Each structure stands twice: as C-alpha cells, then as structure tokens.
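Novice: I am sharing entry.txt, which consists of compact mmCIF, C-alpha atoms:
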```
# COMPACT_ATOMS: atom_id res chain seq x y z
CA MET P 1 -10.28 -36.27 -18.07
CA THR P 2 -11.62 -33.84 -15.48
CA VAL P 3 -10.74 -30.18 -15.37
CA GLU P 4 -11.25 -27.78 -12.49
CA LEU P 5 -11.30 -24.00 -12.71
CA ILE P 6 -9.91 -21.71 -10.04
CA CYS P 7 -10.24 -17.96 -10.52
CA VAL P 8 -8.00 -15.89 -8.27
CA GLY P 9 -8.71 -12.33 -7.22
CA THR P 10 -10.27 -10.54 -4.27
CA GLU P 11 -11.97 -8.18 -6.73
CA LEU P 12 -14.02 -11.15 -7.99
CA LEU P 13 -15.21 -12.00 -4.49
CA LEU P 14 -16.18 -8.38 -3.83
CA GLY P 15 -18.10 -8.11 -7.09
CA ASN P 16 -15.90 -5.31 -8.39
CA THR P 17 -15.08 -7.37 -11.48
CA VAL P 18 -17.48 -9.65 -13.35
CA ASN P 19 -15.93 -13.08 -13.79
CA THR P 20 -16.31 -13.47 -17.55
CA ASN P 21 -13.24 -15.73 -17.67
CA ALA P 22 -15.19 -18.54 -15.98
CA ALA P 23 -17.88 -18.59 -18.67
CA TYR P 24 -15.33 -18.45 -21.47
CA ILE P 25 -13.07 -21.22 -20.10
CA SER P 26 -16.05 -23.43 -19.22
CA GLU P 27 -17.41 -23.23 -22.74
CA LYS P 28 -14.03 -24.03 -24.29
CA CYS P 29 -13.48 -27.00 -21.98
CA ALA P 30 -16.93 -28.35 -22.83
CA MET P 31 -16.08 -27.99 -26.50
CA LEU P 32 -12.96 -30.07 -25.89
CA GLY P 33 -14.95 -32.81 -24.17
CA LEU P 34 -13.39 -32.14 -20.77
CA SER P 35 -15.64 -32.78 -17.79
CA MET P 36 -15.77 -29.88 -15.31
CA TYR P 37 -17.39 -30.61 -11.94
CA TYR P 38 -15.98 -27.80 -9.80
CA GLN P 39 -15.32 -24.08 -10.14
CA SER P 40 -13.95 -21.88 -7.37
CA VAL P 41 -13.13 -18.25 -6.72
CA VAL P 42 -10.50 -17.44 -4.11
CA GLY P 43 -9.06 -14.14 -2.97
CA ASP P 44 -5.43 -13.05 -3.17
CA ASN P 45 -4.46 -15.12 -0.15
CA PRO P 46 -1.70 -17.72 -0.55
CA GLY P 47 -2.87 -19.82 2.41
CA ARG P 48 -6.41 -20.22 1.13
CA LEU P 49 -5.20 -20.74 -2.44
CA LYS P 50 -2.82 -23.47 -1.27
CA ASP P 51 -5.60 -25.26 0.59
CA LEU P 52 -7.82 -25.05 -2.48
CA LEU P 53 -5.11 -26.40 -4.77
CA LEU P 54 -4.44 -29.38 -2.50
CA THR P 55 -8.15 -30.17 -2.44
CA ALA P 56 -8.56 -29.74 -6.19
CA MET P 57 -5.61 -32.01 -6.92
CA LYS P 58 -7.42 -34.89 -5.21
CA ARG P 59 -10.44 -34.72 -7.52
CA SER P 60 -9.31 -33.27 -10.85
CA SER P 61 -6.56 -34.14 -13.32
CA ILE P 62 -6.23 -30.67 -14.86
CA LEU P 63 -6.38 -27.40 -12.92
CA ILE P 64 -6.81 -24.13 -14.76
CA LEU P 65 -6.08 -20.99 -12.75
CA SER P 66 -6.72 -17.44 -13.91
CA GLY P 67 -5.45 -14.27 -12.27
CA GLY P 68 -2.75 -13.45 -9.75
CA LEU P 69 0.18 -13.40 -12.20
CA GLY P 70 0.83 -9.66 -11.99
CA PRO P 71 3.91 -7.84 -10.66
CA THR P 72 2.54 -6.72 -7.28
CA GLN P 73 3.02 -8.35 -3.88
CA ASP P 74 -0.52 -9.74 -3.75
CA ASP P 75 -0.06 -11.58 -7.08
CA LEU P 76 0.97 -14.96 -5.69
CA THR P 77 -0.74 -17.57 -7.88
CA LYS P 78 2.47 -18.69 -9.57
CA GLU P 79 4.43 -18.78 -6.33
CA THR P 80 1.76 -20.78 -4.51
CA ALA P 81 1.22 -23.27 -7.34
CA ALA P 82 4.99 -23.84 -7.64
CA GLU P 83 5.21 -24.45 -3.90
CA VAL P 84 2.41 -27.01 -4.00
CA LEU P 85 4.16 -28.95 -6.78
CA GLY P 86 7.57 -28.57 -5.18
CA LYS P 87 9.11 -26.52 -7.97
CA LYS P 88 11.48 -23.59 -7.55
CA LEU P 89 11.24 -20.40 -9.58
CA VAL P 90 13.88 -19.53 -12.16
CA GLU P 91 14.14 -16.62 -14.57
CA ASP P 92 13.04 -17.22 -18.15
CA LYS P 93 15.22 -15.04 -20.39
CA ALA P 94 12.71 -14.97 -23.24
CA ALA P 95 9.97 -13.83 -20.87
CA ARG P 96 12.21 -11.10 -19.47
CA GLN P 97 13.00 -9.87 -22.98
CA GLU P 98 9.31 -9.83 -23.95
CA ILE P 99 8.45 -7.84 -20.83
CA GLU P 100 11.17 -5.32 -21.62
CA GLU P 101 10.04 -4.92 -25.24
CA PHE P 102 6.37 -4.67 -24.24
CA MET P 103 7.06 -1.87 -21.75
CA LYS P 104 9.38 0.06 -24.05
CA LYS P 105 6.93 -0.02 -26.98
CA ARG P 106 4.32 1.60 -24.78
CA GLY P 107 6.70 4.12 -23.25
CA ARG P 108 6.28 2.72 -19.74
CA VAL P 109 8.92 2.81 -17.03
CA ILE P 110 10.14 -0.65 -16.04
CA THR P 111 10.22 -1.09 -12.27
CA GLU P 112 12.00 -3.83 -10.37
CA ASN P 113 8.81 -5.73 -9.59
CA ASN P 114 8.14 -6.18 -13.32
CA TRP P 115 10.95 -8.74 -13.42
CA LYS P 116 8.96 -10.87 -10.96
CA GLN P 117 6.81 -11.85 -13.91
CA ALA P 118 9.83 -13.33 -15.72
CA LEU P 119 10.21 -15.95 -12.98
CA VAL P 120 8.69 -19.32 -13.88
CA PRO P 121 8.58 -22.72 -12.16
CA GLU P 122 11.52 -24.86 -13.17
CA GLY P 123 10.70 -27.30 -15.98
CA SER P 124 7.43 -25.62 -16.87
CA LYS P 125 6.12 -24.74 -20.31
CA VAL P 126 5.96 -20.96 -20.69
CA LEU P 127 3.03 -19.40 -22.57
CA TYR P 128 4.37 -16.12 -23.89
CA ASN P 129 1.98 -13.19 -23.71
CA GLN P 130 1.63 -10.94 -26.77
CA ASN P 131 -0.89 -8.69 -25.04
CA GLY P 132 0.60 -8.08 -21.60
CA THR P 133 3.58 -8.68 -19.34
CA ALA P 134 2.47 -11.83 -17.48
CA PRO P 135 3.38 -15.08 -19.24
CA GLY P 136 1.14 -18.08 -18.72
CA ILE P 137 2.53 -21.33 -17.37
CA ILE P 138 1.85 -25.04 -17.74
CA MET P 139 3.22 -27.30 -14.99
CA GLU P 140 2.99 -31.07 -15.16
CA SER P 141 3.44 -33.69 -12.45
CA ASP P 142 2.48 -37.34 -12.13
CA GLN P 143 -0.65 -36.29 -10.25
CA VAL P 144 -1.92 -33.19 -12.03
CA LYS P 145 -1.45 -30.66 -14.79
CA MET P 146 -1.73 -26.99 -13.81
CA ILE P 147 -2.37 -24.24 -16.33
CA LEU P 148 -1.85 -20.69 -15.06
CA LEU P 149 -3.33 -17.83 -17.09
CA PRO P 150 -3.35 -14.04 -16.65
CA GLY P 151 -6.59 -12.50 -15.41
CA PRO P 152 -7.35 -9.74 -17.96
CA PRO P 153 -9.63 -11.25 -20.66
CA ASN P 154 -7.76 -9.46 -23.47
CA GLU P 155 -4.68 -11.45 -22.40
CA LEU P 156 -6.32 -14.69 -21.30
CA ILE P 157 -8.51 -15.30 -24.36
CA PRO P 158 -5.84 -15.09 -27.09
CA MET P 159 -3.43 -17.10 -24.93
CA PHE P 160 -6.05 -19.80 -24.44
CA GLU P 161 -7.05 -19.86 -28.10
CA GLU P 162 -3.52 -19.96 -29.47
CA GLN P 163 -1.64 -22.03 -26.89
CA VAL P 164 -3.86 -23.72 -24.30
CA PHE P 165 -6.62 -25.03 -26.57
CA PRO P 166 -4.15 -26.98 -28.78
CA TYR P 167 -2.44 -28.35 -25.65
CA LEU P 168 -5.72 -29.58 -24.16
CA TYR P 169 -6.89 -30.91 -27.52
CA GLU P 170 -3.92 -33.26 -27.63
CA LEU P 171 -4.74 -34.56 -24.15
CA GLN P 172 -8.37 -35.38 -24.89
CA PRO P 173 -9.20 -37.85 -27.68
CA ASP P 174 -12.84 -36.74 -27.95
CA ILE P 175 -14.27 -33.28 -28.48
CA ILE P 176 -17.70 -31.82 -27.84
CA CYS P 177 -19.55 -29.69 -30.40
CA SER P 178 -22.86 -27.89 -30.01
CA LYS P 179 -25.50 -26.38 -32.28
CA MET P 180 -28.02 -23.84 -30.98
CA VAL P 181 -31.54 -23.73 -32.38
CA LYS P 182 -33.36 -20.53 -31.37
CA LEU P 183 -37.14 -20.32 -31.06
CA CYS P 184 -39.53 -17.45 -30.48
CA GLY P 185 -43.28 -17.44 -29.94
CA ILE P 186 -43.26 -20.46 -27.62
CA GLY P 187 -42.60 -20.90 -23.90
CA GLU P 188 -39.98 -23.18 -22.35
CA SER P 189 -42.49 -25.67 -20.93
CA SER P 190 -44.30 -26.01 -24.25
CA ALA P 191 -41.03 -26.37 -26.12
CA GLU P 192 -39.81 -29.05 -23.70
CA THR P 193 -43.09 -30.95 -24.00
CA LYS P 194 -42.64 -31.13 -27.77
CA ILE P 195 -39.21 -32.77 -27.39
CA LEU P 196 -39.73 -34.73 -24.16
CA ASP P 197 -39.33 -38.04 -25.97
CA LEU P 198 -35.97 -36.89 -27.36
CA ILE P 199 -34.79 -35.75 -23.93
CA GLU P 200 -35.84 -38.96 -22.18
CA THR P 201 -34.11 -41.26 -24.68
CA GLN P 202 -31.05 -39.14 -25.46
CA THR P 203 -27.52 -40.46 -25.20
CA ASN P 204 -25.27 -38.86 -27.80
CA PRO P 205 -26.15 -36.26 -28.95
CA THR P 206 -28.18 -34.60 -26.22
CA VAL P 207 -30.79 -31.84 -26.41
CA ALA P 208 -31.33 -29.27 -23.66
CA PRO P 209 -33.75 -26.30 -23.56
CA TYR P 210 -32.66 -22.93 -22.17
CA ALA P 211 -35.15 -20.18 -21.39
CA LYS P 212 -34.19 -16.71 -22.55
CA THR P 213 -36.22 -13.52 -22.29
CA GLY P 214 -39.11 -14.15 -24.67
CA GLU P 215 -37.26 -16.98 -26.40
CA VAL P 216 -36.26 -20.62 -25.99
CA HIS P 217 -32.89 -21.91 -27.15
CA LEU P 218 -32.34 -25.62 -27.77
CA ARG P 219 -28.73 -26.74 -27.53
CA ILE P 220 -27.79 -29.95 -29.35
CA THR P 221 -24.49 -31.35 -28.06
CA ALA P 222 -22.51 -34.28 -29.46
CA LYS P 223 -19.27 -35.95 -28.43
CA ALA P 224 -17.03 -37.51 -31.07
CA SER P 225 -13.46 -38.01 -32.16
CA SER P 226 -13.54 -35.08 -34.56
CA GLU P 227 -15.53 -31.93 -35.23
CA LYS P 228 -16.96 -33.39 -38.44
CA ALA P 229 -18.07 -36.57 -36.71
CA ALA P 230 -19.74 -34.54 -33.95
CA TYR P 231 -21.68 -32.38 -36.41
CA ASP P 232 -22.69 -35.49 -38.36
CA LEU P 233 -24.35 -36.70 -35.16
CA ILE P 234 -26.01 -33.32 -34.61
CA ALA P 235 -27.47 -32.97 -38.14
CA PRO P 236 -30.37 -35.49 -37.91
CA VAL P 237 -31.42 -34.14 -34.52
CA GLU P 238 -31.48 -30.60 -35.86
CA THR P 239 -33.61 -31.79 -38.78
CA GLU P 240 -36.05 -33.38 -36.34
CA LEU P 241 -36.30 -30.12 -34.37
CA GLN P 242 -37.00 -28.24 -37.60
CA ASN P 243 -39.78 -30.71 -38.40
CA ARG P 244 -41.34 -30.23 -34.96
CA PHE P 245 -41.03 -26.48 -34.53
CA GLY P 246 -41.10 -25.23 -38.11
CA ASN P 247 -41.28 -21.46 -38.40
CA LEU P 248 -40.97 -20.96 -34.67
CA ILE P 249 -37.25 -21.44 -35.33
CA TYR P 250 -35.72 -18.16 -36.36
CA THR P 251 -32.07 -19.23 -36.60
CA ASP P 252 -29.52 -21.93 -35.85
CA ASP P 253 -26.66 -19.45 -35.84
CA PRO P 254 -25.49 -18.62 -32.28
CA ASN P 255 -24.49 -15.12 -33.38
CA VAL P 256 -27.88 -14.20 -34.88
CA THR P 257 -30.38 -12.36 -32.69
CA LEU P 258 -34.13 -12.01 -33.16
CA GLU P 259 -33.67 -8.48 -34.43
CA ASP P 260 -31.11 -9.79 -36.95
CA ALA P 261 -33.69 -12.27 -38.22
CA ILE P 262 -36.29 -9.51 -38.56
CA TYR P 263 -33.82 -7.37 -40.49
CA GLU P 264 -33.29 -10.22 -42.96
CA LEU P 265 -37.06 -10.52 -43.49
CA LEU P 266 -37.42 -6.77 -44.05
CA LYS P 267 -34.57 -6.92 -46.52
CA GLU P 268 -35.86 -10.03 -48.32
CA TYR P 269 -39.34 -8.58 -48.85
CA ASN P 270 -38.29 -4.92 -49.10
CA LEU P 271 -40.56 -3.79 -46.27
CA THR P 272 -40.37 -0.63 -44.19
CA VAL P 273 -41.31 -0.43 -40.52
CA THR P 274 -41.91 2.03 -37.73
CA THR P 275 -42.49 1.61 -34.00
CA ALA P 276 -45.16 3.16 -31.77
CA GLU P 277 -44.40 2.62 -28.10
CA SER P 278 -45.91 3.59 -24.80
CA CYS P 279 -44.75 1.50 -21.82
CA THR P 280 -41.59 0.27 -23.58
CA GLY P 281 -40.48 3.85 -24.19
CA GLY P 282 -38.41 3.24 -27.32
CA LEU P 283 -36.85 -0.09 -26.33
CA VAL P 284 -38.34 -1.90 -29.32
CA ALA P 285 -36.78 0.61 -31.69
CA GLY P 286 -33.57 0.32 -29.70
CA ARG P 287 -33.41 -3.44 -30.29
CA LEU P 288 -33.95 -2.99 -34.01
CA ILE P 289 -31.30 -0.28 -34.16
CA ASN P 290 -28.79 -2.83 -32.83
CA VAL P 291 -28.64 -4.18 -36.39
CA PRO P 292 -26.29 -2.42 -38.83
CA GLY P 293 -28.11 -1.35 -41.98
CA ILE P 294 -31.55 -1.20 -40.38
CA SER P 295 -31.86 2.49 -41.30
CA GLN P 296 -32.84 1.39 -44.80
CA PHE P 297 -36.02 -0.16 -43.40
CA LEU P 298 -36.74 1.43 -40.01
CA LYS P 299 -38.07 4.87 -40.90
CA GLU P 300 -39.31 6.36 -37.63
CA GLY P 301 -39.94 5.51 -33.99
CA TYR P 302 -42.67 7.12 -31.88
CA VAL P 303 -42.67 7.18 -28.10
CA THR P 304 -46.23 8.19 -27.18
CA TYR P 305 -46.40 7.78 -23.44
CA SER P 306 -49.30 10.16 -22.86
CA ASN P 307 -52.76 10.06 -24.35
CA GLU P 308 -52.11 13.49 -25.85
CA ALA P 309 -49.08 12.12 -27.70
CA LYS P 310 -51.06 9.15 -28.97
CA GLU P 311 -53.67 11.49 -30.38
CA LYS P 312 -51.23 14.07 -31.76
CA LEU P 313 -48.55 11.81 -33.28
CA LEU P 314 -50.49 8.64 -34.10
CA ASN P 315 -53.95 10.08 -34.64
CA VAL P 316 -55.49 7.68 -32.11
CA PRO P 317 -59.16 8.76 -31.83
CA SER P 318 -59.98 10.35 -28.49
CA GLU P 319 -63.17 8.26 -28.43
CA ILE P 320 -61.12 5.06 -28.29
CA LEU P 321 -58.98 6.38 -25.45
CA LYS P 322 -62.03 7.54 -23.49
CA GLU P 323 -64.07 4.39 -24.00
CA HIS P 324 -61.37 1.71 -23.81
CA GLY P 325 -58.41 3.41 -22.14
CA ALA P 326 -54.78 3.71 -23.17
CA VAL P 327 -54.13 0.07 -22.27
CA SER P 328 -56.50 -1.81 -24.54
CA PRO P 329 -56.44 -3.82 -27.77
CA GLN P 330 -58.36 -1.03 -29.51
CA THR P 331 -55.70 1.54 -28.60
CA ALA P 332 -52.86 -0.79 -29.58
CA GLU P 333 -54.46 -1.34 -32.98
CA ALA P 334 -55.11 2.37 -33.48
CA MET P 335 -51.48 3.10 -32.59
CA ALA P 336 -50.27 0.52 -35.14
CA VAL P 337 -52.44 1.88 -37.93
CA GLY P 338 -51.67 5.48 -37.03
CA GLY P 339 -47.93 4.87 -36.81
CA ALA P 340 -47.80 3.21 -40.23
CA LYS P 341 -49.77 6.04 -41.82
CA ALA P 342 -47.78 8.79 -40.10
CA ALA P 343 -44.43 7.31 -41.17
CA GLY P 344 -45.64 5.99 -44.52
CA THR P 345 -44.35 2.47 -43.80
CA ASP P 346 -45.54 -1.03 -44.64
CA LEU P 347 -45.49 -2.09 -40.99
CA CYS P 348 -45.86 -0.63 -37.55
CA ILE P 349 -45.41 -2.48 -34.26
CA ALA P 350 -47.24 -0.82 -31.35
CA VAL P 351 -47.03 -1.52 -27.61
CA THR P 352 -49.11 -0.16 -24.73
CA GLY P 353 -49.30 -1.49 -21.19
CA ILE P 354 -48.88 -1.05 -17.44
CA ALA P 355 -45.27 -1.61 -16.42
CA GLY P 356 -45.87 -0.72 -12.76
CA PRO P 357 -45.18 -0.81 -9.96
CA ASP P 358 -48.23 1.48 -9.69
CA GLY P 359 -51.15 2.20 -11.99
CA GLY P 360 -52.79 -1.22 -12.02
CA THR P 361 -56.44 -1.98 -11.22
CA GLU P 362 -58.42 -5.17 -10.71
CA GLN P 363 -59.58 -5.02 -14.33
CA LYS P 364 -56.19 -3.96 -15.68
CA PRO P 365 -53.43 -5.22 -13.38
CA VAL P 366 -49.77 -4.31 -13.48
CA GLY P 367 -48.07 -6.30 -16.21
CA LEU P 368 -50.99 -6.14 -18.66
CA VAL P 369 -49.60 -5.31 -22.10
CA TYR P 370 -51.33 -5.11 -25.46
CA MET P 371 -49.41 -5.03 -28.71
CA SER P 372 -50.48 -4.85 -32.31
CA CYS P 373 -48.68 -5.04 -35.61
CA TYR P 374 -50.05 -3.47 -38.76
CA CYS P 375 -48.75 -5.06 -41.95
CA LYS P 376 -50.07 -4.00 -45.34
CA GLY P 377 -53.69 -3.71 -44.26
CA LYS P 378 -53.69 -6.60 -41.77
CA LEU P 379 -53.65 -6.31 -37.98
CA PHE P 380 -52.11 -8.84 -35.61
CA THR P 381 -52.95 -8.16 -31.99
CA GLU P 382 -51.87 -9.82 -28.73
CA LYS P 383 -52.67 -9.58 -25.05
CA ASN P 384 -49.94 -10.49 -22.57
CA GLN P 385 -49.84 -10.57 -18.79
CA TYR P 386 -46.37 -10.36 -17.29
CA SER P 387 -45.10 -10.37 -13.72
CA GLY P 388 -41.94 -9.07 -12.10
CA SER P 389 -40.27 -5.70 -11.79
CA ARG P 390 -40.97 -2.73 -14.02
CA SER P 391 -37.81 -3.34 -16.01
CA LYS P 392 -38.58 -7.05 -16.39
CA ILE P 393 -42.11 -6.35 -17.67
CA ARG P 394 -40.72 -3.91 -20.22
CA GLU P 395 -38.00 -6.38 -21.24
CA TYR P 396 -40.52 -9.16 -21.86
CA SER P 397 -42.78 -6.75 -23.73
CA VAL P 398 -39.98 -5.87 -26.14
CA ALA P 399 -39.22 -9.54 -26.82
CA SER P 400 -42.91 -10.28 -27.46
CA ALA P 401 -43.25 -7.24 -29.73
CA LEU P 402 -40.32 -8.38 -31.86
CA THR P 403 -41.79 -11.88 -32.05
CA LEU P 404 -45.15 -10.42 -33.15
CA LEU P 405 -43.42 -8.26 -35.75
CA ARG P 406 -41.65 -11.30 -37.18
CA CYS P 407 -44.79 -13.42 -37.32
CA ALA P 408 -46.79 -10.60 -38.92
CA ILE P 409 -44.25 -10.29 -41.70
CA MET P 410 -44.18 -14.04 -42.31
CA GLU P 411 -47.94 -14.45 -42.32
CA SER P 412 -48.46 -11.42 -44.55
CA VAL P 413 -46.00 -12.46 -47.23
CA SER P 414 -46.82 -16.20 -47.30
CA GLU P 415 -49.39 -18.81 -46.35
CA VAL P 416 -47.33 -19.76 -43.30
CA ASN P 417 -49.14 -19.70 -39.97
CA VAL P 418 -46.76 -18.37 -37.34
CA CYS P 419 -48.78 -16.07 -35.08
CA GLY P 420 -50.56 -17.99 -32.39
CA SER P 421 -48.83 -21.27 -33.28
```
Will you turn the file into structure tokens for me?
Specialist:
Amino acid sequence: MTVELICVGTELLLGNTVNTNAAYISEKCAMLGLSMYYQSVVGDNPGRLKDLLLTAMKRSSILILSGGLGPTQDDLTKETAAEVLGKKLVEDKAARQEIEEFMKKRGRVITENNWKQALVPEGSKVLYNQNGTAPGIIMESDQVKMILLPGPPNELIPMFEEQVFPYLYELQPDIICSKMVKLCGIGESSAETKILDLIETQTNPTVAPYAKTGEVHLRITAKASSEKAAYDLIAPVETELQNRFGNLIYTDDPNVTLEDAIYELLKEYNLTVTTAESCTGGLVAGRLINVPGISQFLKEGYVTYSNEAKEKLLNVPSEILKEHGAVSPQTAEAMAVGGAKAAGTDLCIAVTGIAGPDGGTEQKPVGLVYMSCYCKGKLFTEKNQYSGSRSKIREYSVASALTLLRCAIMESVSEVNVCGS
C-alpha cells in the first residue's frame, strides 16, 4: 500500500513553523511497512488543496493530511476533503460535547466558530482529541482512504499513536523495523567501504549509512509479518557489523548519544574529567553536561581563549606558546596535562584551533584544530583540518574531542586499540 503525506498551512510555506509532523509521520509509516513516494506542503487555500488531493488520489491509496482543522475561516482541510469525496458535513454530538468540556475545563469562552470543529463528513470515523478541540477524521471510499489530523504536534502525535497507528497496522500485513548502530572515529566513506559487500547484495534486511556530525550511523531495516520476525532478521546483520567495526560502535540504542556513552565509561571505571577549551569555547563541556548525573565525574571546565588564560589557568609554559604557538600539538598537550593537574582529575580533554573566518595562515590555515586527551599519565593527541563556517568547524571539533575522550578512556583501561583505528 502507498501512503502520501500532505501538510496544510501557510505558516509552513513561509518557514514560520518547522514541519516536524512530516518527519514523525514518515517514520511511523516506514515502521508500518507503508511505501511513501510523495510529500507535499500546501497553504491554506481550498483551490490548491483540492487540486493536490485530486492528483494524490491518482497515485496513492492512503492520504494523510495534517493541519487546517481549526475553528477559523482559513481552516478548510476537512471541508475540502469532504467535497472531493462527495460527502456532506454533519454534526457529531460526541465531538461537540468534548469541545465544550475541553473549553470549560480551561476556563475559555466558547465562540460560535468552535462548533465548526464538531462537523464531520458523513459516514466518517471520528478520532476524538484528548489534547485539543479538533477531532481527527478517517474517510474511506472505493478509491482512497483519507486520514485528517490536527496540526499541533502535541495533538497529532498522541492521536496517531493511539488511533491511527492501530488502524494502519490492520491495513498492512507487513511491518518495517529498524535498528541503529552508531559509530564514532570513522568517516562515512570508510564506513561504507567496510560494508560495501553487504550493501550491494542486500535484499531484506537492508543496511544504509547516514553521516552525522563526527559520527556515522548505520540503519538496519527489515520487513516482516511481525516485530519479532523483523528483529530476528536484523540480529545476524547487527552481529556482522559488530564483528567489522568492533569498538568503533558506541551504541545500538537510538536514544543514546556519544556523551551518554562517555558518561557510562566514566561511571564504569570511576574516572573524573575536566575540559580545557580554546576555539570551542566551552562547547565540549556543554555536550557532557547534557547528561544527567555527569556532575559526579565532570569536575571543572576551563575556557582559555587567550594565551594569558592558558598560562594562568592551565600552567601552559610561555616557552611553548612562543615557540609553537597557541594552535599546536605541544600547546594542546600542555593544556591537557595542565587542566588535569589544576582540577585534580584523571582525564582532561583539551582543544585549540583556528575556527575562522580570519586568523589563518599558509602554515596554519583556518580549520586547523589540535586536541589532546590526558588520561592517567598517557597523552592521546590528534590533528584535524576542517572546512566550512566558524560554527561548523567548532561543531566538528566538539564531536572529534568527544570521540578522542572516549578512545582515550578505552585504551587506558584495557588493551583495546580504539584511537587511530
């Protein structure tokens, strides 16, 4: 079965509202095994919406529409969809009662146009809304099924989860499940090369690489008659990826971030850490602080943007700064050692570089970044050359610094070779 998504709202076209509904609905439809070949955004214009619906009906068996179910005059999704399917609008008493109760509970005045939302196409299935006043609607004809959902995500998501997902599940005999394997310390092209044979011969399940900032995510996707059957297909492929990438894999949990994985290592080995940052200006510490409970292990964070600060706070020798410059492996290493000593921690991750757009030279161009991690007497140092805007260079530097921190911990506490793999 093919599904098509139509998001209604002039605010989406103008960029005033980010269309998060499209990503959410797409992911859920993929999970259900529904093929989606088209997505559209149309403004609050009944003529253009009608034209789009007539076109979509020729190529898709299920149409999902979001937005345009409100009480105002420009909310015409329901009216237009009903017209296209030749259905008249009738009042749904249960919907009217829910609207009345919703408004009274919140102390809002009910205006006449609120009752517009209680009108539904005759013969439709009404999806009652526990989080707003606009009910959703499912209309069925011999040609197409139309699912109308409210635009606000806090209304759309629970309605989809509780009422639409089960409805679509019954229509589609197969479902699609995915598992995400997350890597750090390897680029997308290198990762793809390692699994090219799997990609070229894949049928079901499939493997696809996705480049993230400083990471590569490998999505394994399987189609089967049940969730268990799909994950049974995924399991041997995931095992093969683990064999090929080893410790470059930091998680297979979609909700776990790189900083989460670092937190677990710090906790497992009871290690403390500090950060010493120049060009990243505290962003590395900021990523670590995303993790609840990190305060037990992250003791301090130094932002030493100037040479004076590097000397004063991290005890970087002035001779190193004069001879090698602030952006050098020697300075990065001195920052890492000095930061660990100043904070009294087991580890210190240090970053220094030229984020641009100015300040670069032929010998040290914009985007040159050195980072070093001190871990219990050992130093792990990297040179990186990035391109892009100032913010992009800093963003990549943070991701690389976290990767270096992770590999330093793993190599220091075991015989595992992670850094430079």
Novice: Which is closest to Ala224 in chain P among P:Ser306, P:Thr193, P:Asn204, P:Asn131, if we use only C-alpha atoms?
Specialist: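 The closest residue to Ala224 in chain P is P:Asn204.
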Novice: In Å, with one decimal, what is the gap from CA of Leu65 in chain P to CA of Arg108 in chain P?
Specialist: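 We find that CA of Leu65 in chain P and CA of Arg108 in chain P lie 27.6 Å from each other.
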Novice: Find, counting all atoms listed in the file, the residue in P:Tyr37, P:Tyr24, P:Tyr128, P:Tyr167 that gets nearest to Val3 in chain P.
Specialist: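 Among P:Tyr37, P:Tyr24, P:Tyr128, P:Tyr167, it is P:Tyr37 that comes nearest to Val3 in chain P.
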Novice: Which residue, P:Val41, P:Ala22, P:Val181, P:Val237, has the smallest gap to Tyr210 in chain P when you use only C-alpha atoms?
Specialist: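 Answer, going by the shortest atom-to-atom distance: P:Val181.
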Novice: Between CA of Leu368 in chain P and CA of Val327 in chain P, what distance in Å does the model show, to one decimal?
Specialist: 7.8 Å
Novice: Between P:Ser391, P:Thr206, P:Glu79, P:Val398, which is the closest to Pro357 in chain P once you count only C-alpha atoms?
Specialist: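 Of P:Ser391, P:Thr206, P:Glu79, P:Val398, the one nearest Pro357 in chain P is P:Ser391, counting only C-alpha atoms.
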Novice: Pick the closest to Gly15 in chain P from P:Ser372, P:Glu268, P:Lys341, P:Gly43: which is it, counting only C-alpha atoms?
Specialist: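 Residue with the minimum atom-to-atom distance to Gly15 in chain P: P:Gly43.
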Novice: Kindly give the distance, in Å, that separates CA of Ala285 in chain P and CA of Met180 in chain P, rounded to a single decimal.
Specialist: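 These two atoms are separated by 26.0 Å.
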